Amino acid sequence: MQKETESKLRVYQNAVQELYAKIEDWLKDTDLDSLREDMELTEARPGKYRTQTLLIKDPDQKTVARLKPIGAWIIGADGRVDIEGLAPPEVLLFWEKGAPEIKTPPNGKNGSKTLKVSRLFRGADKPGWYWLDNVRLGTAKPLDDKQLFLDIIRTVSIYE
């Protein structure tokens, strides 16, 4: 059990570091900067561990947003990072193999006997980080686009 916990934590921490590296690369040709800061996170399964938060700063070095790891033990995901600012936070979810599949029994129409398989979040069918676009509709968008990330930063901050 301990090895399983350590492995899950290592996968999450590596995914967070890769996310930060991608964001730092995206910010290179903008007027925004980033700064990593150490932080401590506590989860029930692994207990306390060290990780990092990523601050997004404007040209005056004012923090306009912060990416804050929430944890690896997230219901329905393999990890979560929140993007915080002045507005309510936006949620990024990590899936090692894509969002979980939900299997529902056949409805009996047309003599169907096969299970219906769908993803917990539409659009999250590959490994990686996703922006939780709409919880009620169950949609997530892959965070693989610089413009999408900058749009998310604008929604949580006053940065123009």
# chains A, B, ... in the order shown; residues from 1 in each chain; ligands from 1
call {"tool": "select_by_dssp", "arguments": {"residues": "range 52-153 of chain A", "states": "strand (DSSP E or B)", "output": "JSON, numbers by chain"}}
result
{"A": [52, 53, 54, 55, 56, 57, 63, 64, 65, 66, 67, 68, 69, 70, 71, 74, 77, 79, 80, 81, 82, 83, 84, 90, 91, 92, 93, 94, 95, 101, 102, 103, 104, 116, 117, 118, 119, 122, 128, 129, 130, 131, 132, 133, 134, 139, 140, 141, 142]}
call {"tool": "closest_atom_pairs", "arguments": {"of": "range 37-119 of chain A", "to": "range 127-133 of chain A", "cutoff": "10 Å", "atoms": "only C-alpha atoms", "output": "Markdown table"}}
result
| residue | atom | partner | partner_atom | distance |
| --- | --- | --- | --- | --- |
| A:Asp78 | CA | A:Gly128 | CA | 9.7 |
| A:Gly79 | CA | A:Trp129 | CA | 8.9 |
| A:Arg80 | CA | A:Trp129 | CA | 8.8 |
| A:Val81 | CA | A:Trp129 | CA | 9.3 |
| A:Asp82 | CA | A:Trp131 | CA | 9.7 |
| A:Ile83 | CA | A:Trp131 | CA | 9.9 |
| A:Glu90 | CA | A:Leu132 | CA | 7.4 |
| A:Val91 | CA | A:Leu132 | CA | 5.6 |
| A:Leu92 | CA | A:Trp131 | CA | 4.6 |
| A:Leu93 | CA | A:Tyr130 | CA | 5.2 |
| A:Phe94 | CA | A:Trp129 | CA | 4.4 |
| A:Trp95 | CA | A:Pro127 | CA | 5.3 |
| A:Glu96 | CA | A:Pro127 | CA | 4.8 |
| A:Lys97 | CA | A:Pro127 | CA | 4.5 |
| A:Gly98 | CA | A:Pro127 | CA | 4.7 |
| A:Ala99 | CA | A:Pro127 | CA | 8.1 |
call {"tool": "select_by_dssp", "arguments": {"residues": "chain A", "states": "helix (DSSP H, G or I)", "output": "PyMOL selection string"}}
result
chain A and resi 2-27+109-111+146-156
call {"tool": "closest_residue", "arguments": {"among": "A:Met39, A:Ala77, A:Ile70, A:Ile153", "to": "Thr53 in chain A", "atoms": "only C-alpha atoms"}}
result
A:Met39
call {"tool": "closest_residue", "arguments": {"among": "A:Leu120, A:Ile23, A:Pro88, A:Lys141", "to": "Thr155 in chain A", "atoms": "only C-alpha atoms"}}
result
A:Pro88
call {"tool": "residues_around", "arguments": {"residues": "Leu115 in chain A", "least_positions_apart": "5", "cutoff": "7 Å", "atoms": "only C-alpha atoms", "output": "PyMOL selection string"}}
result
chain A and resi 103-106
call {"tool": "closest_residue", "arguments": {"among": "A:Val11, A:Leu19, A:Leu55, A:Leu86", "to": "Ser157 in chain A", "atoms": "only C-alpha atoms"}}
result
A:Leu86
call {"tool": "residues_around", "arguments": {"residues": "Lys22 in chain A", "least_positions_apart": "6", "cutoff": "10 Å", "atoms": "only C-alpha atoms", "output": "PyMOL selection string"}}
result
chain A and resi 16+143-146
call {"tool": "write_last_selection", "arguments": {"atoms": "N, CA and C atoms", "output": "tab-separated table (two decimals), in the first residue's frame"}}
result
chain	number	residue	atom	x	y	z
A	16	VAL	N	2.40	18.12	-11.97
A	16	VAL	CA	2.35	19.54	-11.58
A	16	VAL	C	3.58	20.26	-12.13
A	143	LEU	N	-5.93	21.44	-21.43
A	143	LEU	CA	-5.14	22.65	-21.23
A	143	LEU	C	-3.86	22.52	-22.06
A	144	ASP	N	-4.03	22.59	-23.36
A	144	ASP	CA	-2.89	22.46	-24.26
A	144	ASP	C	-2.78	23.67	-25.19
A	145	ASP	N	-3.45	24.74	-24.80
A	145	ASP	CA	-3.52	25.93	-25.65
A	145	ASP	C	-3.16	27.16	-24.83
A	146	LYS	N	-2.17	27.88	-25.26
A	146	LYS	CA	-1.71	29.09	-24.57
A	146	LYS	C	-2.84	30.10	-24.41
call {"tool": "closest_residue", "arguments": {"among": "A:Thr51, A:Lys57, A:Lys68, A:Pro46", "to": "Lys3 in chain A", "atoms": "only C-alpha atoms"}}
result
A:Pro46
call {"tool": "atom_distance", "arguments": {"atom1": "CA of Thr5 in chain A", "atom2": "CA of Ile102 in chain A"}}
result
24.4 Å
call {"tool": "closest_residue", "arguments": {"among": "A:Gly76, A:Val135, A:Ala65, A:Leu35", "to": "Gln52 in chain A", "atoms": "only C-alpha atoms"}}
result
A:Leu35
call {"tool": "closest_residue", "arguments": {"among": "A:Gly123, A:Ile74, A:Leu32, A:Arg66", "to": "Leu137 in chain A", "atoms": "only C-alpha atoms"}}
result
A:Gly123
call {"tool": "atom_distance", "arguments": {"atom1": "CA of Asn134 in chain A", "atom2": "CA of Glu101 in chain A"}}
result
17.7 Å
call {"tool": "atom_distance", "arguments": {"atom1": "CA of Glu43 in chain A", "atom2": "CA of Phe121 in chain A"}}
result
24.2 Å
